[in-house]
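Undergrad: Dropping a structure here in structure tokens format, bear with me for questions.
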Amino acid sequence: AERDEVKRKSVKEGESVTLDPGVTKNPHDVLTWYSDDTPIAEITGDQSKICTDVQCKERFRDRLKLDHQTGSLIITNSRNTDSGEYTLQINSSSRRRRRSVSSVKRFEVTVIALTSLTRRTAAAAEATPISAVTTNRSTASTESQQGVWPSGETNETNYQLN
């Protein structure tokens, strides 16, 4: 079997990662993806199987996707436990030659865990209005400030100044 060098991928926890083998898939190819030597997905012609055993289903919980055109494996909503080696074995056979050729593509995936502080900071950043509120401390009145949120919604808030 032909072996390529290891492709390294880093992704933040919660993001998707695509493992693209960079090959042209032929109709008679059988592509089998492994995670740390355990089979997790297979493409045969236009058919595919993802996580056929209980352990795989529990670990990935519908977060694996296959691209039939490219043979790519997509891991959505990545978790720290997704870190590790992923291997794609491609078995190509030609009906004319009756010979099988296999190649192996290897990926090392590192999922960077977000700390609880990072998660709170990210959540706070999403909830912070884009336009800042400015006030004049010398006036004791009620001002109305309208902020625009990242989603495009507006939020009108009244502030009582003391």
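Residue numbers start at 1 in each chain; chains themselves are named A, B, ... in the order of the structure tokens; ligands are numbered from 1 in the order shown.
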Compile the contact shell of region 62-73 of chain A as a PyMOL selection string: residues with an atom at most 9 Å away, counting only C-alpha atoms, same-chain residues fewer than 6 positions apart removed.

TA: chain A and resi 17-25+31+33+40-43+45-48+50-51+88

Undergrad: Write a file of the just-selected residues containing N, CA and C atoms, as an mmCIF file, in the first residue's frame.

TA:
data_model
loop_
_atom_site.group_PDB
_atom_site.id
_atom_site.type_symbol
_atom_site.label_atom_id
_atom_site.label_comp_id
_atom_site.auth_asym_id
_atom_site.auth_seq_id
_atom_site.Cartn_x
_atom_site.Cartn_y
_atom_site.Cartn_z
ATOM 1 N N VAL A 17 -14.241 19.951 11.287
ATOM 2 C CA VAL A 17 -12.964 19.712 10.631
ATOM 3 C C VAL A 17 -13.219 18.754 9.463
ATOM 4 N N THR A 18 -12.622 19.085 8.306
ATOM 5 C CA THR A 18 -12.761 18.257 7.114
ATOM 6 C C THR A 18 -11.435 17.594 6.815
ATOM 7 N N LEU A 19 -11.465 16.280 6.706
ATOM 8 C CA LEU A 19 -10.276 15.514 6.346
ATOM 9 C C LEU A 19 -10.418 15.154 4.873
ATOM 10 N N ASP A 20 -9.709 15.918 4.032
ATOM 11 C CA ASP A 20 -9.810 15.774 2.576
ATOM 12 C C ASP A 20 -8.591 15.020 2.066
ATOM 13 N N PRO A 21 -8.799 13.821 1.518
ATOM 14 C CA PRO A 21 -7.665 13.033 1.056
ATOM 15 C C PRO A 21 -7.004 13.569 -0.206
ATOM 16 N N GLY A 22 -7.669 14.480 -0.922
ATOM 17 C CA GLY A 22 -7.079 15.059 -2.129
ATOM 18 C C GLY A 22 -6.920 14.046 -3.251
ATOM 19 N N VAL A 23 -7.878 13.153 -3.387
ATOM 20 C CA VAL A 23 -7.825 12.141 -4.443
ATOM 21 C C VAL A 23 -9.077 12.233 -5.306
ATOM 22 N N THR A 24 -8.986 11.656 -6.496
ATOM 23 C CA THR A 24 -10.155 11.538 -7.347
ATOM 24 C C THR A 24 -10.746 10.160 -7.104
ATOM 25 N N LYS A 25 -11.969 10.135 -6.628
ATOM 26 C CA LYS A 25 -12.621 8.872 -6.291
ATOM 27 C C LYS A 25 -13.177 8.235 -7.562
ATOM 28 N N LEU A 31 -13.574 3.086 0.025
ATOM 29 C CA LEU A 31 -12.858 3.976 0.944
ATOM 30 C C LEU A 31 -13.292 3.656 2.363
ATOM 31 N N TRP A 33 -12.602 4.704 6.373
ATOM 32 C CA TRP A 33 -12.013 5.615 7.349
ATOM 33 C C TRP A 33 -11.870 4.907 8.686
ATOM 34 N N ILE A 40 -14.656 3.528 11.141
ATOM 35 C CA ILE A 40 -15.769 4.411 11.527
ATOM 36 C C ILE A 40 -16.680 4.758 10.352
ATOM 37 N N ALA A 41 -16.184 4.636 9.099
ATOM 38 C CA ALA A 41 -17.026 4.982 7.950
ATOM 39 C C ALA A 41 -16.479 4.300 6.696
ATOM 40 N N GLU A 42 -17.401 4.043 5.748
ATOM 41 C CA GLU A 42 -16.986 3.396 4.511
ATOM 42 C C GLU A 42 -17.852 3.876 3.361
ATOM 43 N N ILE A 43 -17.204 4.088 2.216
ATOM 44 C CA ILE A 43 -17.915 4.437 0.983
ATOM 45 C C ILE A 43 -17.618 3.330 -0.023
ATOM 46 N N GLY A 45 -18.908 2.571 -3.838
ATOM 47 C CA GLY A 45 -19.738 3.064 -4.939
ATOM 48 C C GLY A 45 -20.537 4.258 -4.472
ATOM 49 N N ASP A 46 -21.882 4.163 -4.574
ATOM 50 C CA ASP A 46 -22.720 5.278 -4.107
ATOM 51 C C ASP A 46 -23.356 4.969 -2.749
ATOM 52 N N GLN A 47 -22.914 3.888 -2.106
ATOM 53 C CA GLN A 47 -23.420 3.523 -0.786
ATOM 54 C C GLN A 47 -22.412 3.938 0.281
ATOM 55 N N SER A 48 -22.913 4.233 1.475
ATOM 56 C CA SER A 48 -21.995 4.552 2.571
ATOM 57 C C SER A 48 -22.540 4.022 3.884
ATOM 58 N N ILE A 50 -21.811 4.678 8.150
ATOM 59 C CA ILE A 50 -21.122 5.470 9.168
ATOM 60 C C ILE A 50 -21.434 4.852 10.525
ATOM 61 N N CYS A 51 -20.390 4.613 11.302
ATOM 62 C CA CYS A 51 -20.534 4.113 12.674
ATOM 63 C C CYS A 51 -21.503 2.945 12.765
ATOM 64 N N LEU A 88 -7.379 6.883 6.133
ATOM 65 C CA LEU A 88 -8.264 6.499 5.035
ATOM 66 C C LEU A 88 -7.542 5.447 4.214
#

Undergrad: Taking the chain letters and numbering used in this document, name the residues of region 5-96 of chain A that DSSP puts in helix (DSSP H, G or I), as a list of chain:residue names.

TA: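 Here is the list: A:Val54, A:Gln55, A:Cys56, A:Lys57, A:Glu58, A:Arg59, A:Phe60, A:Asn80, A:Thr81, A:Asp82.
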
Undergrad: Residues at most 10 Å from Ser78 (chain A), counting only C-alpha atoms, excluding those fewer than 3 positions away in the same chain, as a PDB file with N, CA, C and O atoms, in the first residue's frame?

TA:
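So the final result, stored in selection_14.pdb, reads:
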ATOM      1  N   VAL A  11      -8.166  22.192  15.244  1.00  0.00           N
ATOM      2  CA  VAL A  11      -9.471  22.829  15.222  1.00  0.00           C
ATOM      3  C   VAL A  11      -9.868  23.136  16.667  1.00  0.00           C
ATOM      4  O   VAL A  11      -9.495  22.414  17.582  1.00  0.00           O
ATOM      5  N   LYS A  12     -10.604  24.229  16.840  1.00  0.00           N
ATOM      6  CA  LYS A  12     -11.106  24.573  18.175  1.00  0.00           C
ATOM      7  C   LYS A  12     -12.329  23.710  18.476  1.00  0.00           C
ATOM      8  O   LYS A  12     -13.114  23.402  17.583  1.00  0.00           O
ATOM      9  N   GLU A  13     -12.473  23.365  19.737  1.00  0.00           N
ATOM     10  CA  GLU A  13     -13.608  22.576  20.185  1.00  0.00           C
ATOM     11  C   GLU A  13     -14.908  23.232  19.711  1.00  0.00           C
ATOM     12  O   GLU A  13     -15.081  24.445  19.804  1.00  0.00           O
ATOM     13  N   GLY A  14     -15.813  22.428  19.159  1.00  0.00           N
ATOM     14  CA  GLY A  14     -17.098  22.940  18.681  1.00  0.00           C
ATOM     15  C   GLY A  14     -17.119  23.250  17.198  1.00  0.00           C
ATOM     16  O   GLY A  14     -18.175  23.362  16.597  1.00  0.00           O
ATOM     17  N   GLU A  15     -15.941  23.391  16.573  1.00  0.00           N
ATOM     18  CA  GLU A  15     -15.870  23.666  15.138  1.00  0.00           C
ATOM     19  C   GLU A  15     -15.864  22.359  14.353  1.00  0.00           C
ATOM     20  O   GLU A  15     -15.645  21.290  14.906  1.00  0.00           O
ATOM     21  N   SER A  16     -16.087  22.463  13.050  1.00  0.00           N
ATOM     22  CA  SER A  16     -16.030  21.295  12.170  1.00  0.00           C
ATOM     23  C   SER A  16     -14.637  21.185  11.581  1.00  0.00           C
ATOM     24  O   SER A  16     -13.952  22.185  11.386  1.00  0.00           O
ATOM     25  N   VAL A  17     -14.241  19.951  11.287  1.00  0.00           N
ATOM     26  CA  VAL A  17     -12.964  19.712  10.631  1.00  0.00           C
ATOM     27  C   VAL A  17     -13.219  18.754   9.463  1.00  0.00           C
ATOM     28  O   VAL A  17     -13.962  17.786   9.592  1.00  0.00           O
ATOM     29  N   PHE A  60     -19.282   9.395  18.466  1.00  0.00           N
ATOM     30  CA  PHE A  60     -19.483  10.472  17.494  1.00  0.00           C
ATOM     31  C   PHE A  60     -20.913  10.994  17.434  1.00  0.00           C
ATOM     32  O   PHE A  60     -21.135  12.106  16.959  1.00  0.00           O
ATOM     33  N   ARG A  63     -22.200  12.962  14.364  1.00  0.00           N
ATOM     34  CA  ARG A  63     -21.375  14.120  14.026  1.00  0.00           C
ATOM     35  C   ARG A  63     -20.438  13.849  12.854  1.00  0.00           C
ATOM     36  O   ARG A  63     -19.666  14.707  12.474  1.00  0.00           O
ATOM     37  N   LEU A  64     -20.518  12.656  12.261  1.00  0.00           N
ATOM     38  CA  LEU A  64     -19.678  12.329  11.106  1.00  0.00           C
ATOM     39  C   LEU A  64     -20.481  12.458   9.822  1.00  0.00           C
ATOM     40  O   LEU A  64     -21.626  12.033   9.752  1.00  0.00           O
ATOM     41  N   ILE A  74     -16.013  14.514   7.368  1.00  0.00           N
ATOM     42  CA  ILE A  74     -16.254  15.769   8.084  1.00  0.00           C
ATOM     43  C   ILE A  74     -16.718  15.420   9.494  1.00  0.00           C
ATOM     44  O   ILE A  74     -17.664  14.650   9.670  1.00  0.00           O
ATOM     45  N   ILE A  75     -16.023  15.983  10.478  1.00  0.00           N
ATOM     46  CA  ILE A  75     -16.414  15.812  11.876  1.00  0.00           C
ATOM     47  C   ILE A  75     -17.015  17.145  12.309  1.00  0.00           C
ATOM     48  O   ILE A  75     -16.324  18.166  12.306  1.00  0.00           O
ATOM     49  N   THR A  81     -12.282  14.645  22.643  1.00  0.00           N
ATOM     50  CA  THR A  81     -12.117  13.201  22.452  1.00  0.00           C
ATOM     51  C   THR A  81     -11.945  12.816  20.986  1.00  0.00           C
ATOM     52  O   THR A  81     -11.624  11.666  20.677  1.00  0.00           O
ATOM     53  N   ASP A  82     -12.161  13.768  20.057  1.00  0.00           N
ATOM     54  CA  ASP A  82     -11.973  13.503  18.627  1.00  0.00           C
ATOM     55  C   ASP A  82     -10.504  13.604  18.215  1.00  0.00           C
ATOM     56  O   ASP A  82     -10.147  13.242  17.097  1.00  0.00           O
ATOM     57  N   SER A  83      -9.649  14.105  19.104  1.00  0.00           N
ATOM     58  CA  SER A  83      -8.220  14.198  18.797  1.00  0.00           C
ATOM     59  C   SER A  83      -7.669  12.799  18.570  1.00  0.00           C
ATOM     60  O   SER A  83      -8.067  11.847  19.244  1.00  0.00           O
ATOM     61  N   THR A 110      -5.991  17.454  16.052  1.00  0.00           N
ATOM     62  CA  THR A 110      -5.881  17.989  17.403  1.00  0.00           C
ATOM     63  C   THR A 110      -7.050  18.937  17.629  1.00  0.00           C
ATOM     64  O   THR A 110      -7.218  19.899  16.889  1.00  0.00           O
ATOM     65  N   VAL A 111      -7.862  18.626  18.622  1.00  0.00           N
ATOM     66  CA  VAL A 111      -8.979  19.496  18.992  1.00  0.00           C
ATOM     67  C   VAL A 111      -8.527  20.297  20.199  1.00  0.00           C
ATOM     68  O   VAL A 111      -8.177  19.739  21.233  1.00  0.00           O
ATOM     69  N   ILE A 112      -8.506  21.612  20.031  1.00  0.00           N
ATOM     70  CA  ILE A 112      -8.064  22.510  21.096  1.00  0.00           C
ATOM     71  C   ILE A 112      -9.256  22.786  22.003  1.00  0.00           C
ATOM     72  O   ILE A 112     -10.253  23.367  21.582  1.00  0.00           O
ATOM     73  N   ALA A 113      -9.144  22.334  23.237  1.00  0.00           N
ATOM     74  CA  ALA A 113     -10.242  22.474  24.198  1.00  0.00           C
ATOM     75  C   ALA A 113     -10.389  23.924  24.629  1.00  0.00           C
ATOM     76  O   ALA A 113      -9.398  24.622  24.828  1.00  0.00           O
TER      77      ALA A 113
END

Undergrad: What does the structure give for the distance between CA of Val30 (chain A) and CA of Asn77 (chain A), in Å to one decimal?

TA: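 Going from CA of Val30 (chain A) over to CA of Asn77 (chain A), I get 26.5 Å.
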
Undergrad: Just give me the gap between CA of His28 (chain A) and CA of Ser93 (chain A) in Å, one decimal is fine.

TA: 6.2 Å

Undergrad: What does the distance from CA of Thr52 (chain A) to CA of Pro39 (chain A) come to in Å, to one decimal?

TA: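 Separating CA of Thr52 (chain A) from CA of Pro39 (chain A) is a distance of 8.7 Å.
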
Undergrad: Just asking: which residues within region 16-118 of chain A are strand (DSSP E or B) according to DSSP, as a ChimeraX atom specification?

TA: /A:17-19,30-35,38-44,47-50,64-66,73-75,84-94,99-112

Undergrad: In terms of the shortest atom-to-atom distance over only C-alpha atoms, which of A:Arg61, A:Asn91, A:Lys9, A:Asp29 is closest to Val104 (chain A)?

TA: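 Of A:Arg61, A:Asn91, A:Lys9, A:Asp29, the one nearest Val104 (chain A), counting only C-alpha atoms, is A:Asn91.
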
Undergrad: List the neighbours of Glu5 (chain A) out to 12 Å using only C-alpha atoms; skip same-chain residues closer than 2 positions along the sequence, and give me the result as a short mmCIF file (atom, residue, chain, number, x, y, z; two decimals) with C-alpha atoms, in the first residue's frame.

TA:
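Contents of out_32.cif, as written:
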data_model
loop_
_atom_site.label_atom_id
_atom_site.label_comp_id
_atom_site.auth_asym_id
_atom_site.auth_seq_id
_atom_site.Cartn_x
_atom_site.Cartn_y
_atom_site.Cartn_z
CA GLU A 2 1.17 3.50 -0.80
CA ARG A 3 1.52 5.72 2.28
CA LYS A 7 -1.50 15.72 7.32
CA ARG A 8 -1.98 17.65 10.57
CA PRO A 21 -7.67 13.03 1.06
CA THR A 87 -6.61 6.93 8.41
CA SER A 103 -3.32 3.56 -0.76
CA VAL A 104 -3.39 5.04 2.71
CA LYS A 105 -3.93 8.67 3.70
CA ARG A 106 -3.20 9.64 7.30
CA PHE A 107 -4.38 12.63 9.34
CA GLU A 108 -3.48 13.75 12.85
#
